[in-house]
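S.K.: Provided herewith is a single structure, encoded as structure tokens, for subsequent inquiry.
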Amino acid sequence: MSTTNTWVIDPTHSEIGFSVSHMMFSKVRGTFETYEAKIASDEQLKNSAISVEIATNSVNTRNEQRDGHLKGEDFFDAENFPKIIFQSETADLKSGTINGEIDIKGVRKQIPVKIDFHGEGKDPWGNTRIAFAFNAELSRKDFGLTWNTALETGGVLVGDKVDLQGEIQLVKA
């Protein structure tokens with residue numbers, strides 16, 4: 001891929017989060033507070049390579065006890081697996097869907113990621129920016145995140161399907 005532009009994430013204008021079913025009838029949402037992302041692309045953003053690293057110990061669900069459990073061995077095992085890593089195949093940021101490989105807890109799987117490109121423009125300081133939203137769905141069991149507990153009324157405490165989503169703003173380096 002002949003790349004002409006490098007884009008880096010602006011974390012003050014971006015968010016990476018997730019939601020998962022709780023008790024079979026509601027959702028728990030969380031975010032990751034620490035992450036890095038880079039995109040190398042051509043001028044039209046059609047031939048792009050995306051690289052994202054998310055710090056697993058930065059998970060924030062606004063509940064310290066739950067966050068501690070998520071960082072532990074039952075879930076992310078942040079001590080041994082400090083990062084979630086996503087690498088795209090060649091991607092068109094304006095196409096709607098990109099494919100890539102995500103590594104969670106040492107397990108790599110291909111996932112499609114839906115992209116909603118919001119646009120490109122110059123900020124008041126002359127920096128070129130692009131922005132898009134993304135979402136993807138994965139099975140936490142596919143990555144060894146199998147902890148759960150049965151509910152007295154049937155079903156389980158934590159759903160298997162995890163929705164990843166984010167609002168991303170990048171600055172041309």
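Naming works like this for the structure tokens: A, B, ... for the chains as they're shown, residue 1 at the start of each chain, ligands 1 onward in shown order.
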Please provide as a VMD selection string all residues within 8 Å of region 17-27 of chain A, with the sequence filter that same-chain residues fewer than 4 positions apart are discarded (counting only C-alpha atoms).

M.R.: chain A and resid 31 to 32 151 155 to 166

S.K.: When you look at Thr90 (chain A) with a cut-off of 6 Å (counting only C-alpha atoms), what residues show up, excluding the ones that are within fewer than 3 positions of it in the same chain? I need them as number ranges by chain.

M.R.: A: 47-49

S.K.: Extract the full set of strand (DSSP E or B) residues from region 121-155 of chain A according to DSSP on the backbone, and format it as a ChimeraX atom specification.

M.R.: /A:121-122,128-139,150

S.K.: Write a file of the just-selected residues containing C-alpha atoms, as a short mmCIF file (atom, residue, chain, number, x, y, z; two decimals), in the first residue's frame.

M.R.:
data_model
loop_
_atom_site.label_atom_id
_atom_site.label_comp_id
_atom_site.auth_asym_id
_atom_site.auth_seq_id
_atom_site.Cartn_x
_atom_site.Cartn_y
_atom_site.Cartn_z
CA GLY A 121 -12.07 19.40 7.83
CA LYS A 122 -9.60 21.91 9.20
CA THR A 128 -6.71 18.50 9.21
CA ARG A 129 -9.08 16.16 11.04
CA ILE A 130 -11.31 13.25 10.14
CA ALA A 131 -14.05 11.70 12.25
CA PHE A 132 -16.11 8.55 12.18
CA ALA A 133 -18.18 6.28 14.38
CA PHE A 134 -17.63 2.54 14.50
CA ASN A 135 -19.37 -0.50 15.90
CA ALA A 136 -18.63 -4.20 15.96
CA GLU A 137 -20.11 -7.24 17.64
CA LEU A 138 -18.22 -10.16 19.13
CA SER A 139 -18.73 -13.17 21.37
CA ALA A 150 -26.64 -18.61 36.73
#

S.K.: Counting only C-alpha atoms, which residue out of A:Ile98, A:Ala78, A:Leu170, A:Val113 sits closest to Glu36 (chain A)?

M.R.: A:Leu170

S.K.: Can you work out which one of A:Arg62, A:Lys71, A:Arg140, A:His118 has the shortest atom-to-atom distance to Ile104 (chain A), counting only C-alpha atoms?

M.R.: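 Of the candidates, the smallest distance to Ile104 (chain A) is held by A:Arg140.
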
S.K.: Please indicate the distance in Å from CA of Glu73 (chain A) to CA of Arg108 (chain A), rounded to one decimal place.

M.R.: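 Distance reported for this atom pair: 17.9 Å.
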